[in-house]
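What follows is a single structure, written as C-alpha cells, with notes after it.
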Amino acid sequence: TIVKSPQRYTCLDEDRRYLYESLRSGFRREIEVDREGLVVTYPDFWQRI
C-alpha cells in the first residue's frame, strides 16, 4: 500500500546537513549528504561505508 507522507527537509549547513521531519508522526532526524546529495549518514539507522 502506498500512503502519502508529508515531509520537510531544512538545510542546516552549507547544503551538507539537513533536518528531515515527518509532518505526520513528528519524527525528526538530522541527515548528512555528499556533494551529489546522496545520504551519507542517517543517525541511529545507518551510515554509508
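We name chains A, B, ... following the order of the C-alpha cells; residues begin at 1 in each chain, and ligands are numbered from 1 as shown.
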Inset, instruction - List every residue of chain A that DSSP, applied to the backbone, labels as strand (DSSP E), and write the result as a ChimeraX atom specification. - result: /A:7-13,17-22,28-33,39-42,46-47
Next, the residues of the selection above should be written as a PDB file, in the first residue's frame with N, CA and C atoms.
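The file below, again_1.pdb, is the result:
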```pdb
ATOM      1  N   GLN A   7       6.410  15.479   4.278  1.00  0.00           N
ATOM      2  CA  GLN A   7       7.758  15.571   4.826  1.00  0.00           C
ATOM      3  C   GLN A   7       8.307  16.970   4.609  1.00  0.00           C
ATOM      4  N   ARG A   8       9.319  17.315   5.413  1.00  0.00           N
ATOM      5  CA  ARG A   8      10.011  18.597   5.246  1.00  0.00           C
ATOM      6  C   ARG A   8      11.503  18.358   5.416  1.00  0.00           C
ATOM      7  N   TYR A   9      12.303  18.979   4.552  1.00  0.00           N
ATOM      8  CA  TYR A   9      13.759  18.945   4.649  1.00  0.00           C
ATOM      9  C   TYR A   9      14.249  20.384   4.764  1.00  0.00           C
ATOM     10  N   THR A  10      15.019  20.680   5.819  1.00  0.00           N
ATOM     11  CA  THR A  10      15.530  22.026   6.050  1.00  0.00           C
ATOM     12  C   THR A  10      17.052  21.986   6.018  1.00  0.00           C
ATOM     13  N   CYS A  11      17.667  22.818   5.176  1.00  0.00           N
ATOM     14  CA  CYS A  11      19.126  22.888   5.095  1.00  0.00           C
ATOM     15  C   CYS A  11      19.671  23.501   6.380  1.00  0.00           C
ATOM     16  N   LEU A  12      20.642  22.824   6.991  1.00  0.00           N
ATOM     17  CA  LEU A  12      21.229  23.296   8.241  1.00  0.00           C
ATOM     18  C   LEU A  12      22.649  23.817   8.078  1.00  0.00           C
ATOM     19  N   ASP A  13      23.393  23.293   7.083  1.00  0.00           N
ATOM     20  CA  ASP A  13      24.817  23.620   6.993  1.00  0.00           C
ATOM     21  C   ASP A  13      25.320  23.476   5.564  1.00  0.00           C
ATOM     22  N   ARG A  17      24.120  19.206   5.565  1.00  0.00           N
ATOM     23  CA  ARG A  17      23.310  18.651   6.656  1.00  0.00           C
ATOM     24  C   ARG A  17      21.886  19.170   6.516  1.00  0.00           C
ATOM     25  N   TYR A  18      20.959  18.261   6.679  1.00  0.00           N
ATOM     26  CA  TYR A  18      19.548  18.611   6.572  1.00  0.00           C
ATOM     27  C   TYR A  18      18.794  18.062   7.767  1.00  0.00           C
ATOM     28  N   LEU A  19      17.733  18.740   8.116  1.00  0.00           N
ATOM     29  CA  LEU A  19      16.817  18.239   9.127  1.00  0.00           C
ATOM     30  C   LEU A  19      15.633  17.647   8.387  1.00  0.00           C
ATOM     31  N   TYR A  20      15.426  16.333   8.556  1.00  0.00           N
ATOM     32  CA  TYR A  20      14.268  15.651   7.982  1.00  0.00           C
ATOM     33  C   TYR A  20      13.173  15.635   9.032  1.00  0.00           C
ATOM     34  N   GLU A  21      11.954  15.987   8.641  1.00  0.00           N
ATOM     35  CA  GLU A  21      10.819  15.948   9.557  1.00  0.00           C
ATOM     36  C   GLU A  21       9.638  15.260   8.885  1.00  0.00           C
ATOM     37  N   SER A  22       9.067  14.291   9.567  1.00  0.00           N
ATOM     38  CA  SER A  22       7.806  13.700   9.142  1.00  0.00           C
ATOM     39  C   SER A  22       6.705  14.547   9.752  1.00  0.00           C
ATOM     40  N   ARG A  28      11.872  13.342  13.714  1.00  0.00           N
ATOM     41  CA  ARG A  28      12.876  14.288  13.219  1.00  0.00           C
ATOM     42  C   ARG A  28      14.249  13.634  13.281  1.00  0.00           C
ATOM     43  N   ARG A  29      15.083  13.931  12.276  1.00  0.00           N
ATOM     44  CA  ARG A  29      16.441  13.403  12.291  1.00  0.00           C
ATOM     45  C   ARG A  29      17.309  14.278  11.399  1.00  0.00           C
ATOM     46  N   GLU A  30      18.517  14.605  11.875  1.00  0.00           N
ATOM     47  CA  GLU A  30      19.485  15.309  11.037  1.00  0.00           C
ATOM     48  C   GLU A  30      20.175  14.280  10.165  1.00  0.00           C
ATOM     49  N   ILE A  31      20.270  14.558   8.870  1.00  0.00           N
ATOM     50  CA  ILE A  31      20.959  13.665   7.949  1.00  0.00           C
ATOM     51  C   ILE A  31      22.083  14.435   7.270  1.00  0.00           C
ATOM     52  N   GLU A  32      23.114  13.705   6.852  1.00  0.00           N
ATOM     53  CA  GLU A  32      24.256  14.303   6.160  1.00  0.00           C
ATOM     54  C   GLU A  32      24.302  13.739   4.750  1.00  0.00           C
ATOM     55  N   VAL A  33      24.570  14.606   3.767  1.00  0.00           N
ATOM     56  CA  VAL A  33      24.639  14.172   2.374  1.00  0.00           C
ATOM     57  C   VAL A  33      26.004  14.505   1.781  1.00  0.00           C
ATOM     58  N   VAL A  39      22.573  10.479   0.622  1.00  0.00           N
ATOM     59  CA  VAL A  39      22.697  10.422   2.079  1.00  0.00           C
ATOM     60  C   VAL A  39      23.923   9.613   2.483  1.00  0.00           C
ATOM     61  N   VAL A  40      24.734  10.188   3.370  1.00  0.00           N
ATOM     62  CA  VAL A  40      25.937   9.553   3.905  1.00  0.00           C
ATOM     63  C   VAL A  40      25.650   8.994   5.294  1.00  0.00           C
ATOM     64  N   THR A  41      24.963   9.768   6.120  1.00  0.00           N
ATOM     65  CA  THR A  41      24.684   9.377   7.498  1.00  0.00           C
ATOM     66  C   THR A  41      23.222   9.625   7.828  1.00  0.00           C
ATOM     67  N   TYR A  42      22.594   8.583   8.396  1.00  0.00           N
ATOM     68  CA  TYR A  42      21.216   8.682   8.879  1.00  0.00           C
ATOM     69  C   TYR A  42      21.265   8.154  10.310  1.00  0.00           C
ATOM     70  N   TRP A  46      21.509   4.065   9.914  1.00  0.00           N
ATOM     71  CA  TRP A  46      22.570   3.523   9.071  1.00  0.00           C
ATOM     72  C   TRP A  46      23.584   4.598   8.695  1.00  0.00           C
ATOM     73  N   GLN A  47      24.728   4.132   8.189  1.00  0.00           N
ATOM     74  CA  GLN A  47      25.784   5.019   7.706  1.00  0.00           C
ATOM     75  C   GLN A  47      26.412   4.366   6.490  1.00  0.00           C
TER      76      GLN A  47
END
```
Inset, instruction - Tell me, in Å to one decimal, how far CA of Arg16 (chain A) is from CA of Gly37 (chain A). - result: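 According to the coordinates, CA of Arg16 (chain A) and CA of Gly37 (chain A) are separated by 7.8 Å.
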Inset, instruction - Record the distance separating CA of Phe45 (chain A) and CA of Arg24 (chain A), expressed in Å with one decimal. - result: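 Calculated distance between CA of Phe45 (chain A) and CA of Arg24 (chain A) is 19.5 Å.
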Legend entry - Separation of CA of Ser5 (chain A) from CA of Leu23 (chain A), in Å and rounded to one decimal: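 For CA of Ser5 (chain A) relative to CA of Leu23 (chain A), the distance reads 7.6 Å.
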Legend entry - Counting only C-alpha atoms, the option among A:Asp34, A:Phe27, A:Glu14, A:Thr1 closest to Arg48 (chain A): A:Asp34
